[in-house]
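Student: So that we are looking at the same thing, I have put the structure below in structure tokens.
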Amino acid sequence: MIIKSSLSINGPRIFAPLFILLLTLSGSSTFAQHTARPEKNPEMAFLADSNTLTKSDYLVHIENMFEVINKVPVTITSFTKLKPIAVHLTQDEEVIALIKNRLAQSDRRLNLQNLQMYQTLLDELENNNKDCLGDLQDYQQKLRELKSGILNLRNDSVLSIIARTDSLRIMFSDQFKELNEKRFITDSLIKGNTLLLNNLQARTSANLIGIKELIYDTDNELKSVSINAFGKERRYLWEPSASKQGNRNLNFKKFINSEQQISRYYFIYTKSSRLLLMLTGAIFFFWVFFNFRSVKQRKKLDALNDFNFSLIVPQPYLITLILILTLAPIFDLGAPALYIEVIHLLLSICLSVLFYRKVPRKIFYRWLIFILFLLAPSFLRALGMPPGFQRWLLFALSISSMAFGLLTLKAFTDEAKKYTIISGVAIMFIFFSFFAALCNLFGRFTLTQVFYTTGTSALMYAVSFIILVKIINEAFLLQMTSSRIRKNNPHYFDWKPIISGGKRILGVGAFLMWFILFTTNLNVFNGLYTEVMEVLTEKRTIGSFSFTFSGIVLFAGIIWTANFLQKYIAYFLGDTGEELLDENVGERSKLLVTRLVLLIGGFLIAVAASGLPIDKITVILGALGVGIGLGLQNIVSNFVSGIILIFDKTIRIGDVVELANKKGRVKEIGVRASTLLSDEGAEIIIPNGTILSNNIINWTLSNNYMRVDIELSVSKPFNTTDIITLIKETIHSNTNVYLHKEPKIMISPINATNSSIKVYFWCKDISESESTKNVIHAQIFEELEKQGIVCI
């Protein structure tokens with residue numbers, strides 16, 4: 001939409017009522033004498049805002065005029081985006097012209113991948129031009145406000161007095177002279193920027209119209225390609241070619257040149273996705289590198305030999321490249337065919353380098369043969385061979401790849417049983433090769449390209465995603481191991497169950513990404529995505545409650561993610577929960593709080609992101625409250641008790657507690673129940689509600705000390721002072737005795753020949769109290785016997 005400004009045509013009219021007067025006032029006094037008329041009422045009070053006007057009143061209004069005029073250059077200086085917008089519009093116009101020219105060519109059938117790339121590029125162009133139009137409209141609004149401020153000066157009654165009073169014009173001649181100088185600058189700025197804004201808005205609107213038409217044409221081309229693909233597009237393969245060579249080489253060069261130019265613009269407009277991909281790769285590289293370096297600094301590299309690391313290495317350049325190249329098509333689903341072919345080439349090289357030392361030679365050589373089948377069509381197109389010759393070569397490749405797949409499956413029957421996914425994709429590869437040959441034979445060349453490309457890329461990405469899952473699993477295992485080593489914990493743990501769980505989750509994610517690439521190559525992804533989104537976003541109503549499946553899926557997905565994070569965050573930090581780590585009690589308490597925050601935060605984010613109405617959720621929570629009151633009160637009681645235990649710190653992880661007849665060290669405080677580790681090694685699980693509703697003896701709430709008592713009987717006669725001194729010296733010699741509290745020794749007679757001795761002392765570490773008691777008891781017994789005192 002093009003917005004015209006009256007100032008762009010009649011700009012001086014805005015300033016005429018005021019600035020013609022300024023010219024006369026600043027020019028000469030003769031004009032004032034010529035136009036002067038006897039003043040019947042010099043004060044002109046009835047025109048003023050007040051009954052009496054002073055010089056300061058006039059200056060206030062003149063100052064207001066200065067503010068309005070000075071605001072023009074300040075505001076226009078803030079139009080910083082005008083030059084970048086002009087540059088972007090020029091670039092956009094070039095891209096639009098290139099795509100329009102390419103769609104108008106009839107000598108070459110458009111590639112499906114390139115049509116999808118045009119769609120993505122046109123969407124980016126449309127968004128960019130809409131953003132430009134929004135900025136231009138904001139600037140236009142600011143310019144209108146400036147014009148309105150200048151026009152409003154005519155309504156100022158005090159300025160009207162100055163304009164009609166000769167003495168006032170002479171009094172303020174200096175101010176009006178300065179205003180006259182600013183008038184030319186202001187007028188030029190407003191006129192120039194109005195014209196520039198109108199021009200840029202016209203170009204933006206023209207671009208949006210052209211983009212809409214091209215989007216419509218691209219959609220029609222995609223539909224026609226999908227429809228015509230099942231009809232006869234070219235001659236049967238056995239029929240002679242009727243086309244002439246003519247300018248085929250020239251047309252091919254023009255075609256390649258135009259595709260390269262459009263691809264270059266595509267990469268310029270969609271660089272954010274590749275920057276995100278590069279950032280992902282960099283984070284992965286430094287993650288693995290840092291973990292290896294931390295283990296190496298602690299001279300524990302030999303500890304890694306206990307784990308099954310076959311892909312992760314201290315310098316993870318190769319595996320980082322594999323990760324980036326495997327994920328690259330996911331980040332660019334609408335990428336040009338040339339870009340995808342380069343990705344296939346680089347990924348096949350990286351995987352070949354990895355397999356060179358990792359797989360047997362027999363499998364490696366067959367992998368190299370498969371790479372030839374994968375890359376051969378790209379080289380045929382790059383060489384610009386005649387279409388008929390390309391078809392024959394592609395037919396030979398399809399037959400050869402089908403035979404190659406059958407022979408490979410037969411040769412590696414035992415290996416295929418171990419890797420059922422690879423064998424399943426290999427069967428798909430054989431079938432797609434067969435269909436490609438069949439379609440090529442009967443002139444369905446588009447289907448030939450689609451089937452052949454889908455079959456080869458599906459097998460390659462199946463291999464690369466399997467490798468990627470193993471790489472990420474090993475990186476996660478390395479993180480767990482290095483965390484334990486940094487905390488000086490035992491490096492070895494039962495890692496197989498944890499990695500097995502992570503492998504299943506990563507496998508699901510890898511399958512979804514592989515399926516997206518598979519359906520994209522078949523040109524059915526957009527259709528499936530549209531159909532699924534229509535089902536998910538359709539508004540549904542049950543009574544007065546409205547919802548969408550997308551909101552429910554998003555809600556469940558965020559809740560699942562929060563639960564997954566709270567479950568695996570401990571593993572990520574090296575805490576496997578297999579043993580009680582006394583030195584990391586504080587960290588485990590923080591970990592518990594982190595888990596709780598993840599769960600509660602995940603729930604709140606899920607509610608906000610899903611778009612479910614809060615008032616309806618309140619009703620549901622009320623209904624749940626009734627259900628809780630009837631049958632779930634124990635579960636909720638345990639949950640709330642767990643939160644109280646976390647923040648009240650009545651018991652903490654690592655405390656030695658006694659509850660009823662159960663005693664042990666607190667191993668874990670969960671959301672529902674807590675776990676005690678008894679001296680016998682048994683794990684006692686106690687609901688949190690039971691802990692709070694019973695008396696708890698916490699031996700280590702304020703300190704880790706424990707008083708120990710020893711009782712023994714001795715025969716008379718003996719010297720009481722000597723025995724007390726001997727026992728105290730024996731107690732003080734033990735390193736686990738807390739010396740700040742003096743041991744107490746009580747001797748009382750039992751009968752005429754025997755006496756009872758009770759010894760009380762404090763241990764520093766309650767966990768060592770029993771062993772300390774036994775050691776000191778034995779030492780006292782030995783020392784008494786040395787003194788000839790008989791212990792009974």
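Residue numbering restarts at 1 in every chain; chains get A, B, ... in the order shown in the structure tokens, and ligands count up from 1 in that same order.
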What's the 10 Å shell around Ile505 of chain A, counting only C-alpha atoms, without same-chain residues fewer than 6 positions away, as a list of chain:residue names?
Tutor: A:Val469, A:Ile499, A:Phe564
Student: Using the selection just defined, write its residues with N, CA and C atoms as a compact mmCIF listing (two decimals), in the first residue's frame.
Tutor:
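After the write, part.txt holds the following:
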# COMPACT_ATOMS: atom_id res chain seq x y z
N VAL A 469 23.55 -42.06 16.93
CA VAL A 469 23.02 -42.50 18.22
C VAL A 469 24.13 -43.08 19.09
N ILE A 499 22.67 -46.53 29.80
CA ILE A 499 22.91 -46.29 28.38
C ILE A 499 21.85 -46.96 27.54
N PHE A 564 11.76 -36.46 31.92
CA PHE A 564 13.00 -37.04 31.39
C PHE A 564 14.22 -36.31 31.94
Student: Can you tell me, as a PyMOL selection string, what residues are no more than 10 Å from Pro749 of chain A when counting only C-alpha atoms, ignoring any on the same chain fewer than 4 positions away?
Tutor: chain A and resi 713-716+753-757
Student: Work out how far atom CA of Ser188 of chain A is from atom CA of Glu145 of chain A, in Å to one decimal.
Tutor: 16.7 Å
Student: Provide the atom CA of Leu197 of chain A to atom CA of Gln140 of chain A distance in Å, to one decimal place.
Tutor: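 Atom-to-atom, atom CA of Leu197 of chain A and atom CA of Gln140 of chain A are spaced 7.0 Å apart.
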Student: Figure out the distance between atom CA of Ile471 of chain A and atom CA of Val295 of chain A, please, to one decimal in Å.
Tutor: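 Taking atom CA of Val295 of chain A and atom CA of Ile471 of chain A, their separation equals 18.5 Å.
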Student: May I have all residues of segment 267-319 of chain A that DSSP, computed from the backbone, assigns to helix (DSSP H, G or I), given as number ranges by chain?
Tutor: A: 267-269, 271-297, 301-306, 317-319
Student: Taking 3 positions as the minimum chain separation for residues in the same chain, which residues sit within 12 Å of Leu59 of chain A when counting only C-alpha atoms? Answer as a PyMOL selection string.
Tutor: chain A and resi 53-56+62-66+158-159+162+168+171-176
Student: Have a look at A:His740, A:His777, A:Lys567, A:Lys142 and name the one nearest to Leu712 of chain A; count only C-alpha atoms.
Tutor: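 Among the listed residues, the smallest separation from Leu712 of chain A belongs to A:His777.
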Student: My list of candidates is A:Tyr266, A:Phe184, A:Phe404, A:Tyr58. Which is closest to Leu121 of chain A when distances are computed with only C-alpha atoms?
Tutor: A:Tyr266
Student: Which residue is closest to Gln260 of chain A? Choose from A:Leu208, A:Val95, A:Ala660, A:Ala436 and count only C-alpha atoms.
Tutor: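 Ranked by minimum distance to Gln260 of chain A, first place goes to A:Val95.
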